[in-house]
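Here is coords_20.tsv, consisting of TSV, N, CA and C atoms:
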chain	number	residue	atom	x	y	z
A	247	MET	N	103.36	77.04	106.70
A	247	MET	CA	102.96	78.09	105.76
A	247	MET	C	104.23	78.67	105.16
A	248	ASN	N	104.22	78.85	103.85
A	248	ASN	CA	105.45	79.33	103.23
A	248	ASN	C	105.65	80.83	103.46
A	249	ALA	N	106.89	81.26	103.28
A	249	ALA	CA	107.28	82.64	103.58
A	249	ALA	C	106.53	83.65	102.72
A	250	GLU	N	106.22	83.29	101.48
A	250	GLU	CA	105.49	84.21	100.60
A	250	GLU	C	104.11	84.53	101.16
A	251	LEU	N	103.41	83.52	101.63
A	251	LEU	CA	102.07	83.74	102.18
A	251	LEU	C	102.13	84.53	103.49
A	252	VAL	N	103.15	84.29	104.29
A	252	VAL	CA	103.32	85.06	105.52
A	252	VAL	C	103.55	86.53	105.18
A	253	ALA	N	104.43	86.78	104.20
A	253	ALA	CA	104.71	88.16	103.79
A	253	ALA	C	103.46	88.81	103.21
A	254	LEU	N	102.68	88.06	102.45
A	254	LEU	CA	101.44	88.59	101.88
A	254	LEU	C	100.46	88.96	102.99
A	255	ALA	N	100.32	88.10	104.00
A	255	ALA	CA	99.44	88.39	105.12
A	255	ALA	C	99.90	89.63	105.87
A	256	GLN	N	101.19	89.78	106.07
A	256	GLN	CA	101.72	90.95	106.76
A	256	GLN	C	101.45	92.22	105.96
A	257	SER	N	101.71	92.16	104.68
A	257	SER	CA	101.47	93.32	103.81
A	257	SER	C	99.99	93.68	103.79
A	258	ALA	N	99.15	92.67	103.69
A	258	ALA	CA	97.70	92.90	103.63
A	258	ALA	C	97.19	93.53	104.92
A	259	GLY	N	97.62	93.03	106.07
A	259	GLY	CA	97.18	93.59	107.34
A	259	GLY	C	97.60	95.04	107.50
A	260	THR	N	98.84	95.32	107.17
A	260	THR	CA	99.34	96.69	107.27
A	260	THR	C	98.63	97.62	106.30
A	261	THR	N	98.46	97.17	105.06
A	261	THR	CA	97.78	97.99	104.05
A	261	THR	C	96.34	98.24	104.45
A	262	LEU	N	95.67	97.20	104.90
A	262	LEU	CA	94.26	97.31	105.29
A	262	LEU	C	94.07	98.37	106.38
A	263	VAL	N	94.84	98.28	107.44
A	263	VAL	CA	94.71	99.25	108.53
A	263	VAL	C	95.16	100.64	108.08
A	264	GLY	N	96.19	100.69	107.26
A	264	GLY	CA	96.65	101.98	106.75
A	264	GLY	C	95.62	102.70	105.91
A	265	LEU	N	94.78	101.94	105.21
A	265	LEU	CA	93.77	102.55	104.34
A	265	LEU	C	92.46	102.89	105.06
A	266	MET	N	92.36	102.52	106.32
A	266	MET	CA	91.12	102.75	107.06
A	266	MET	C	90.80	104.24	107.23
A	267	ALA	N	91.80	105.07	107.24
A	267	ALA	CA	91.59	106.50	107.45
A	267	ALA	C	91.70	107.29	106.14
A	268	THR	N	91.52	106.62	105.00
A	268	THR	CA	91.66	107.30	103.72
A	268	THR	C	90.34	107.27	102.95
A	269	ASP	N	90.35	107.98	101.83
A	269	ASP	CA	89.18	107.99	100.95
A	269	ASP	C	88.93	106.63	100.30
A	270	ALA	N	89.93	105.78	100.30
A	270	ALA	CA	89.81	104.46	99.68
A	270	ALA	C	89.20	103.43	100.62
A	271	TRP	N	88.74	103.85	101.79
A	271	TRP	CA	88.27	102.90	102.79
A	271	TRP	C	87.11	102.05	102.31
A	272	GLU	N	86.08	102.66	101.75
A	272	GLU	CA	84.90	101.88	101.34
A	272	GLU	C	85.27	100.82	100.31
A	273	ARG	N	86.09	101.19	99.35
A	273	ARG	CA	86.52	100.23	98.33
A	273	ARG	C	87.37	99.13	98.97
A	274	THR	N	88.19	99.51	99.93
A	274	THR	CA	89.02	98.54	100.64
A	274	THR	C	88.15	97.55	101.39
A	275	ARG	N	87.21	98.07	102.18
A	275	ARG	CA	86.31	97.22	102.96
A	275	ARG	C	85.53	96.28	102.04
A	276	ASP	N	84.98	96.83	100.97
A	276	ASP	CA	84.20	96.01	100.04
A	276	ASP	C	85.05	94.89	99.43
A	277	GLY	N	86.29	95.21	99.09
A	277	GLY	CA	87.18	94.21	98.51
A	277	GLY	C	87.53	93.09	99.48
A	278	VAL	N	87.79	93.46	100.73
A	278	VAL	CA	88.14	92.46	101.74
A	278	VAL	C	86.93	91.59	102.06
A	279	VAL	N	85.78	92.19	102.22
A	279	VAL	CA	84.56	91.42	102.51
A	279	VAL	C	84.24	90.49	101.33
A	280	ALA	N	84.40	90.98	100.11
A	280	ALA	CA	84.14	90.14	98.94
A	280	ALA	C	85.11	88.95	98.89
A	281	LEU	N	86.35	89.18	99.28
A	281	LEU	CA	87.33	88.10	99.33
A	281	LEU	C	86.88	87.03	100.31
A	282	TRP	N	86.46	87.45	101.50
A	282	TRP	CA	85.98	86.49	102.49
A	282	TRP	C	84.69	85.82	102.01
A	283	GLN	N	83.84	86.57	101.34
A	283	GLN	CA	82.57	86.01	100.85
A	283	GLN	C	82.84	84.83	99.92
A	284	ARG	N	83.87	84.95	99.09
A	284	ARG	CA	84.19	83.87	98.16
A	284	ARG	C	84.93	82.72	98.86
A	285	ALA	N	85.81	83.07	99.82
A	285	ALA	CA	86.63	82.05	100.45
A	285	ALA	C	85.96	81.37	101.64
A	286	ARG	N	85.29	82.16	102.48
A	286	ARG	CA	84.65	81.65	103.69
A	286	ARG	C	83.35	82.42	103.90
A	287	PRO	N	82.33	82.15	103.08
A	287	PRO	CA	81.09	82.94	103.13
A	287	PRO	C	80.42	82.99	104.50
A	288	GLU	N	80.62	81.95	105.29
A	288	GLU	CA	80.00	81.94	106.62
A	288	GLU	C	80.63	82.98	107.56
A	289	ARG	N	81.80	83.50	107.22
A	289	ARG	CA	82.50	84.50	108.05
A	289	ARG	C	82.42	85.91	107.49
A	290	ALA	N	81.87	86.09	106.31
A	290	ALA	CA	81.90	87.40	105.64
A	290	ALA	C	81.22	88.50	106.46
A	291	ASP	N	80.06	88.22	107.02
A	291	ASP	CA	79.36	89.25	107.82
A	291	ASP	C	80.16	89.61	109.07
A	292	ALA	N	80.75	88.61	109.71
A	292	ALA	CA	81.55	88.86	110.91
A	292	ALA	C	82.79	89.69	110.55
A	293	VAL	N	83.40	89.41	109.42
A	293	VAL	CA	84.57	90.17	108.98
A	293	VAL	C	84.19	91.62	108.72
A	294	ALA	N	83.04	91.84	108.09
A	294	ALA	CA	82.57	93.21	107.85
A	294	ALA	C	82.42	93.96	109.17
A	295	ALA	N	81.84	93.31	110.17
A	295	ALA	CA	81.67	93.94	111.48
A	295	ALA	C	83.03	94.18	112.15
A	296	GLU	N	83.95	93.22	112.02
A	296	GLU	CA	85.28	93.38	112.61
A	296	GLU	C	86.04	94.53	111.96
A	297	LEU	N	85.87	94.69	110.65
A	297	LEU	CA	86.50	95.81	109.96
A	297	LEU	C	85.97	97.14	110.49
A	298	SER	N	84.67	97.23	110.66
A	298	SER	CA	84.07	98.45	111.20
A	298	SER	C	84.57	98.74	112.61
A	299	ASN	N	84.64	97.70	113.44
A	299	ASN	CA	85.14	97.87	114.81
A	299	ASN	C	86.60	98.32	114.81
A	300	THR	N	87.40	97.74	113.94
A	300	THR	CA	88.81	98.12	113.86
A	300	THR	C	88.94	99.58	113.44
A	301	ARG	N	88.14	99.99	112.48
A	301	ARG	CA	88.20	101.38	112.03
A	301	ARG	C	87.80	102.34	113.15
A	302	GLU	N	86.79	101.97	113.92
A	302	GLU	CA	86.38	102.79	115.06
A	302	GLU	C	87.50	102.86	116.11
A	303	ASP	N	88.14	101.73	116.38
A	303	ASP	CA	89.26	101.71	117.32
A	303	ASP	C	90.39	102.62	116.84
A	304	LEU	N	90.67	102.56	115.57
A	304	LEU	CA	91.74	103.37	115.00
A	304	LEU	C	91.40	104.86	115.09
A	305	ALA	N	90.16	105.21	114.83
A	305	ALA	CA	89.74	106.62	114.90
A	305	ALA	C	89.76	107.13	116.33
A	306	ALA	N	89.47	106.27	117.28
A	306	ALA	CA	89.41	106.67	118.69
A	306	ALA	C	90.80	106.83	119.31
A	307	ASP	N	91.79	106.14	118.78
A	307	ASP	CA	93.13	106.17	119.37
A	307	ASP	C	94.15	106.31	118.25
A	308	THR	N	94.74	107.48	118.12
A	308	THR	CA	95.68	107.74	117.03
A	308	THR	C	97.12	107.38	117.38
A	309	ASP	N	97.33	106.67	118.46
A	309	ASP	CA	98.65	106.24	118.87
A	309	ASP	C	99.21	105.27	117.82
A	310	ALA	N	100.48	105.46	117.46
A	310	ALA	CA	101.11	104.59	116.46
A	310	ALA	C	101.14	103.14	116.91
A	311	ASP	N	101.24	102.91	118.22
A	311	ASP	CA	101.23	101.53	118.73
A	311	ASP	C	99.89	100.86	118.44
A	312	THR	N	98.81	101.63	118.57
A	312	THR	CA	97.49	101.07	118.31
A	312	THR	C	97.38	100.63	116.86
A	313	GLU	N	97.86	101.46	115.94
A	313	GLU	CA	97.80	101.08	114.53
A	313	GLU	C	98.58	99.80	114.28
A	314	GLY	N	99.74	99.67	114.90
A	314	GLY	CA	100.53	98.45	114.75
A	314	GLY	C	99.83	97.23	115.31
A	315	GLU	N	99.19	97.40	116.46
A	315	GLU	CA	98.46	96.28	117.07
A	315	GLU	C	97.29	95.85	116.19
A	316	LEU	N	96.56	96.83	115.65
A	316	LEU	CA	95.42	96.51	114.78
A	316	LEU	C	95.89	95.84	113.50
A	317	ALA	N	97.00	96.32	112.96
A	317	ALA	CA	97.56	95.69	111.75
A	317	ALA	C	97.95	94.25	112.05
A	318	ALA	N	98.54	94.01	113.22
A	318	ALA	CA	98.93	92.64	113.60
A	318	ALA	C	97.71	91.73	113.73
A	319	GLU	N	96.62	92.27	114.28
A	319	GLU	CA	95.39	91.46	114.38
A	319	GLU	C	94.91	91.05	112.99
A	320	TRP	N	94.91	92.00	112.05
A	320	TRP	CA	94.45	91.67	110.71
A	320	TRP	C	95.43	90.78	109.96
A	321	GLN	N	96.71	90.93	110.26
A	321	GLN	CA	97.69	90.02	109.67
A	321	GLN	C	97.39	88.59	110.10
A	322	GLY	N	97.04	88.41	111.36
A	322	GLY	CA	96.69	87.08	111.86
A	322	GLY	C	95.44	86.53	111.20
A	323	ARG	N	94.41	87.35	111.08
A	323	ARG	CA	93.17	86.90	110.43
A	323	ARG	C	93.44	86.49	108.98
A	324	ILE	N	94.19	87.32	108.29
A	324	ILE	CA	94.47	87.04	106.88
A	324	ILE	C	95.37	85.82	106.76
A	325	ARG	N	96.34	85.68	107.65
A	325	ARG	CA	97.20	84.50	107.63
A	325	ARG	C	96.39	83.22	107.81
A	326	ARG	N	95.44	83.26	108.76
A	326	ARG	CA	94.59	82.08	108.97
A	326	ARG	C	93.73	81.78	107.74
A	327	LEU	N	93.25	82.82	107.08
A	327	LEU	CA	92.48	82.62	105.85
A	327	LEU	C	93.36	81.97	104.79
A	328	LEU	N	94.59	82.44	104.65
A	328	LEU	CA	95.50	81.89	103.65
A	328	LEU	C	95.91	80.46	103.97
A	329	ILE	N	96.01	80.13	105.26
A	329	ILE	CA	96.31	78.74	105.64
A	329	ILE	C	95.14	77.85	105.25
A	330	ASP	N	93.94	78.32	105.53
A	330	ASP	CA	92.73	77.55	105.24
A	330	ASP	C	92.42	77.49	103.75
A	331	ARG	N	92.65	78.60	103.05
A	331	ARG	CA	92.32	78.71	101.62
A	331	ARG	C	93.47	79.35	100.86
A	332	PRO	N	94.59	78.63	100.64
A	332	PRO	CA	95.75	79.23	99.97
A	332	PRO	C	95.46	79.70	98.54
A	333	GLN	N	94.40	79.20	97.95
A	333	GLN	CA	94.07	79.60	96.59
A	333	GLN	C	93.61	81.05	96.48
A	334	VAL	N	93.30	81.71	97.61
A	334	VAL	CA	92.88	83.11	97.55
A	334	VAL	C	94.07	84.07	97.55
A	335	ALA	N	95.29	83.54	97.65
A	335	ALA	CA	96.47	84.40	97.71
A	335	ALA	C	96.58	85.30	96.47
A	336	GLU	N	96.36	84.74	95.30
A	336	GLU	CA	96.45	85.55	94.08
A	336	GLU	C	95.40	86.66	94.07
A	337	GLU	N	94.19	86.33	94.48
A	337	GLU	CA	93.12	87.33	94.53
A	337	GLU	C	93.44	88.42	95.55
A	338	LEU	N	94.00	88.02	96.68
A	338	LEU	CA	94.39	89.00	97.70
A	338	LEU	C	95.49	89.91	97.16
A	339	GLN	N	96.45	89.35	96.46
A	339	GLN	CA	97.53	90.17	95.90
A	339	GLN	C	96.98	91.15	94.87
A	340	ARG	N	96.05	90.71	94.05
A	340	ARG	CA	95.44	91.63	93.07
A	340	ARG	C	94.71	92.77	93.79
A	341	LEU	N	94.00	92.43	94.86
A	341	LEU	CA	93.30	93.46	95.63
A	341	LEU	C	94.29	94.47	96.21
A	342	LEU	N	95.38	93.99	96.78
A	342	LEU	CA	96.39	94.88	97.33
A	342	LEU	C	97.00	95.77	96.25
A	343	ASP	N	97.28	95.20	95.09
A	343	ASP	CA	97.84	95.98	93.99
A	343	ASP	C	96.87	97.06	93.54
A	344	GLU	N	95.60	96.72	93.52
A	344	GLU	CA	94.56	97.68	93.13
A	344	GLU	C	94.42	98.80	94.16
A	345	LEU	N	94.48	98.45	95.43
A	345	LEU	CA	94.29	99.42	96.50
A	345	LEU	C	95.50	100.32	96.72
A	346	SER	N	96.68	99.78	96.53
A	346	SER	CA	97.92	100.53	96.77
A	346	SER	C	98.88	100.35	95.60
A	347	PRO	N	98.52	100.85	94.42
A	347	PRO	CA	99.35	100.59	93.25
A	347	PRO	C	100.76	101.15	93.36
A	348	GLY	N	100.96	102.18	94.13
A	348	GLY	CA	102.28	102.79	94.26
A	348	GLY	C	103.22	102.04	95.18
A	349	THR	N	102.75	100.99	95.85
A	349	THR	CA	103.61	100.29	96.80
A	349	THR	C	104.30	99.07	96.22
A	350	SER	N	103.88	98.63	95.05
A	350	SER	CA	104.53	97.45	94.48
A	350	SER	C	105.89	97.84	93.90
A	351	PRO	N	106.88	96.95	93.93
A	351	PRO	CA	108.20	97.27	93.40
A	351	PRO	C	108.15	97.68	91.93
A	352	ALA	N	107.28	97.05	91.15
A	352	ALA	CA	107.17	97.40	89.73
A	352	ALA	C	106.68	98.83	89.55
A	353	ALA	N	105.73	99.25	90.39
A	353	ALA	CA	105.20	100.61	90.29
A	353	ALA	C	106.26	101.62	90.66
A	354	ALA	N	107.02	101.34	91.70
A	354	ALA	CA	108.04	102.27	92.14
A	354	ALA	C	109.13	102.41	91.09
A	355	ALA	N	109.46	101.34	90.39
A	355	ALA	CA	110.51	101.38	89.39
A	355	ALA	C	110.05	102.05	88.11
A	356	SER	N	108.76	102.27	87.93
A	356	SER	CA	108.28	102.83	86.68
A	356	SER	C	108.35	104.35	86.60
A	357	VAL	N	108.68	105.02	87.70
A	357	VAL	CA	108.76	106.47	87.71
A	357	VAL	C	110.18	106.90	87.37
A	358	THR	N	110.32	107.71	86.33
A	358	THR	CA	111.61	108.25	85.95
A	358	THR	C	111.45	109.75	85.75
A	359	GLN	N	112.31	110.52	86.36
A	359	GLN	CA	112.24	111.96	86.22
A	359	GLN	C	113.62	112.49	85.84
A	360	HIS	N	113.61	113.47	84.96
A	360	HIS	CA	114.84	114.15	84.55
A	360	HIS	C	114.55	115.64	84.58
A	361	ALA	N	115.51	116.39	85.05
A	361	ALA	CA	115.33	117.84	85.08
A	361	ALA	C	116.69	118.51	84.99
A	362	SER	N	116.63	119.75	84.55
A	362	SER	CA	117.85	120.53	84.53
A	362	SER	C	117.46	121.99	84.77
A	363	ALA	N	118.25	122.66	85.56
A	363	ALA	CA	117.97	124.06	85.88
A	363	ALA	C	119.19	124.89	85.49
A	364	ASN	N	118.93	126.05	84.95
A	364	ASN	CA	120.01	126.96	84.56
A	364	ASN	C	119.81	128.30	85.24
A	365	GLY	N	120.90	128.95	85.53
A	365	GLY	CA	120.82	130.28	86.12
A	365	GLY	C	120.15	130.22	87.48
A	366	GLN	N	119.11	131.04	87.64
A	366	GLN	CA	118.42	131.09	88.92
A	366	GLN	C	117.09	130.34	88.89
A	367	SER	N	116.92	129.49	87.92
A	367	SER	CA	115.67	128.72	87.83
A	367	SER	C	115.65	127.61	88.88
A	368	ARG	N	114.46	127.11	89.13
A	368	ARG	CA	114.28	126.02	90.08
A	368	ARG	C	113.51	124.90	89.41
A	369	VAL	N	113.75	123.72	89.89
A	369	VAL	CA	113.02	122.56	89.40
A	369	VAL	C	112.37	121.89	90.60
A	370	TYR	N	111.08	121.61	90.49
A	370	TYR	CA	110.36	120.89	91.53
A	370	TYR	C	109.82	119.62	90.90
A	371	GLN	N	110.13	118.48	91.50
A	371	GLN	CA	109.65	117.21	90.99
A	371	GLN	C	109.06	116.39	92.13
A	372	ALA	N	108.06	115.61	91.79
A	372	ALA	CA	107.45	114.73	92.79
A	372	ALA	C	106.85	113.53	92.08
A	373	GLY	N	106.88	112.42	92.76
A	373	GLY	CA	106.26	111.22	92.23
A	373	GLY	C	104.76	111.20	92.49
A	374	ARG	N	104.29	112.05	93.40
A	374	ARG	CA	102.87	112.17	93.72
A	374	ARG	C	102.55	113.63	93.93
A	375	ASP	N	101.85	113.93	95.00
A	375	ASP	CA	101.42	115.31	95.27
A	375	ASP	C	102.63	116.20	95.55
A	376	LEU	N	102.51	117.44	95.12
A	376	LEU	CA	103.56	118.42	95.38
A	376	LEU	C	102.89	119.71	95.82
A	377	HIS	N	103.29	120.21	96.97
A	377	HIS	CA	102.73	121.45	97.51
A	377	HIS	C	103.88	122.42	97.73
A	378	ILE	N	103.84	123.54	97.05
A	378	ILE	CA	104.89	124.55	97.19
A	378	ILE	C	104.25	125.76	97.88
A	379	THR	N	104.84	126.18	98.98
A	379	THR	CA	104.23	127.26	99.76
A	379	THR	C	105.03	128.55	99.73
A	380	GLU	N	106.09	128.62	98.95
A	380	GLU	CA	106.87	129.84	98.90
A	380	GLU	C	106.22	130.83	97.92
A	381	PRO	N	106.48	132.15	98.11
A	381	PRO	CA	105.84	133.14	97.23
A	381	PRO	C	106.36	133.11	95.82

Translate the structure of the given file into structure tokens.
Amino acid sequence: MNAELVALAQSAGTTLVGLMATDAWERTRDGVVALWQRARPERADAVAAELSNTREDLAADTDADTEGELAAEWQGRIRRLLIDRPQVAEELQRLLDELSPGTSPAAAASVTQHASANGQSRVYQAGRDLHITEP
């Protein structure tokens, strides 16, 4: 298996588990199940159940080691899918880009901020959410 597909499987597993505790979970689950439905339809229902079980495991144990272990399990599943069906790599990459648009190198490079402060003024900048709690 080439290094690109291994890296894609690693990224996908980590992203998948990372999104399990977010508002994007349903869209993530649906996208992953749809990917399996097209690539290995006989496994799609089992993958849906495995995703639910993984999410329950993650919710039950917030230890960082658990998240890493679950991500590794999904990296393995995705790697095996890519070995069996390498043609789904592009579709998987599109799904990852859609689910985590801020993580791609192109997205990170597209943010440019310029500011200048004079006197006693302040400048607050953020690439995403910004919460200021001072009076």

To one decimal place in Å, what is the distance between CA of Ala285 (chain A) and atom C of Asp311 (chain A)?
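So the answer is 29.2 Å.
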
Between A:Thr260, A:Gln339, A:Glu344, A:Arg331, which one has atoms that come closest to Ala317 (chain A), using only C-alpha atoms?
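Of A:Thr260, A:Gln339, A:Glu344, A:Arg331, the one nearest Ala317 (chain A), counting only C-alpha atoms, is A:Thr260.
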
Measuring atom to atom with only C-alpha atoms, identify which of A:Ala361, A:Val279, A:Val252, A:Val263 is nearest to Ala292 (chain A).
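Once distances to Ala292 (chain A) are computed over only C-alpha atoms, the minimum belongs to A:Val279.
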
Could you pull out the helix (DSSP H, G or I) residues of chain A, going by DSSP on the backbone, and write them as a ChimeraX atom specification?
/A:249-267,271-285,287-306,310-330,332-345,347-349,351-355

Between CA of Leu265 (chain A) and CA of Asn299 (chain A), distance in Å (one decimal):
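Computing it gives 14.4 Å between the two atoms.
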
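Take atom N of Met266 (chain A) and atom N of Gln283 (chain A): the distance between them is 18.8 Å.
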
Would you mind putting all heavy atoms back on region 312-322 of chain A and writing the result as a short mmCIF file (atom, residue, chain, number, x, y, z; two decimals), in the coordinates of the input?
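That gives us out.cif:
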data_model
loop_
_atom_site.label_atom_id
_atom_site.label_comp_id
_atom_site.auth_asym_id
_atom_site.auth_seq_id
_atom_site.Cartn_x
_atom_site.Cartn_y
_atom_site.Cartn_z
N THR A 312 98.81 101.63 118.57
CA THR A 312 97.49 101.07 118.31
C THR A 312 97.38 100.63 116.86
O THR A 312 96.87 99.54 116.57
CB THR A 312 96.39 102.11 118.63
OG1 THR A 312 96.49 102.45 120.01
CG2 THR A 312 95.01 101.57 118.33
N GLU A 313 97.86 101.46 115.94
CA GLU A 313 97.80 101.08 114.53
C GLU A 313 98.58 99.80 114.28
O GLU A 313 98.12 98.92 113.56
CB GLU A 313 98.34 102.21 113.65
CG GLU A 313 98.19 101.93 112.17
CD GLU A 313 98.55 103.11 111.30
OE1 GLU A 313 98.58 104.25 111.79
OE2 GLU A 313 98.79 102.88 110.10
N GLY A 314 99.74 99.67 114.90
CA GLY A 314 100.53 98.45 114.75
C GLY A 314 99.83 97.23 115.31
O GLY A 314 99.87 96.15 114.73
N GLU A 315 99.19 97.40 116.46
CA GLU A 315 98.46 96.28 117.07
C GLU A 315 97.29 95.85 116.19
O GLU A 315 97.04 94.66 116.01
CB GLU A 315 97.94 96.68 118.44
CG GLU A 315 99.02 96.82 119.48
CD GLU A 315 98.52 97.45 120.78
OE1 GLU A 315 97.29 97.59 120.95
OE2 GLU A 315 99.36 97.80 121.62
N LEU A 316 96.56 96.83 115.65
CA LEU A 316 95.42 96.51 114.78
C LEU A 316 95.89 95.84 113.50
O LEU A 316 95.27 94.88 113.02
CB LEU A 316 94.61 97.77 114.48
CG LEU A 316 93.93 98.41 115.70
CD1 LEU A 316 93.34 99.76 115.33
CD2 LEU A 316 92.87 97.48 116.27
N ALA A 317 97.00 96.32 112.96
CA ALA A 317 97.56 95.69 111.75
C ALA A 317 97.95 94.25 112.05
O ALA A 317 97.70 93.34 111.24
CB ALA A 317 98.75 96.49 111.24
N ALA A 318 98.54 94.01 113.22
CA ALA A 318 98.93 92.64 113.60
C ALA A 318 97.71 91.73 113.73
O ALA A 318 97.76 90.56 113.33
CB ALA A 318 99.73 92.67 114.91
N GLU A 319 96.62 92.27 114.28
CA GLU A 319 95.39 91.46 114.38
C GLU A 319 94.91 91.05 112.99
O GLU A 319 94.54 89.89 112.78
CB GLU A 319 94.29 92.26 115.08
CG GLU A 319 94.49 92.42 116.56
CD GLU A 319 93.39 93.27 117.20
OE1 GLU A 319 92.29 93.40 116.61
OE2 GLU A 319 93.64 93.81 118.28
N TRP A 320 94.91 92.00 112.05
CA TRP A 320 94.45 91.67 110.71
C TRP A 320 95.43 90.78 109.96
O TRP A 320 95.03 89.94 109.16
CB TRP A 320 94.10 92.94 109.92
CG TRP A 320 92.73 93.36 110.32
CD1 TRP A 320 92.39 94.33 111.22
CD2 TRP A 320 91.51 92.75 109.91
NE1 TRP A 320 91.04 94.37 111.37
CE2 TRP A 320 90.46 93.41 110.58
CE3 TRP A 320 91.19 91.72 109.03
CZ2 TRP A 320 89.13 93.07 110.40
CZ3 TRP A 320 89.86 91.38 108.85
CH2 TRP A 320 88.86 92.04 109.53
N GLN A 321 96.71 90.93 110.26
CA GLN A 321 97.69 90.02 109.67
C GLN A 321 97.39 88.59 110.10
O GLN A 321 97.43 87.66 109.28
CB GLN A 321 99.11 90.41 110.10
CG GLN A 321 99.59 91.69 109.46
CD GLN A 321 100.85 92.24 110.10
OE1 GLN A 321 101.46 91.61 110.98
NE2 GLN A 321 101.25 93.42 109.69
N GLY A 322 97.04 88.41 111.36
CA GLY A 322 96.69 87.08 111.86
C GLY A 322 95.44 86.53 111.20
O GLY A 322 95.38 85.36 110.81
#
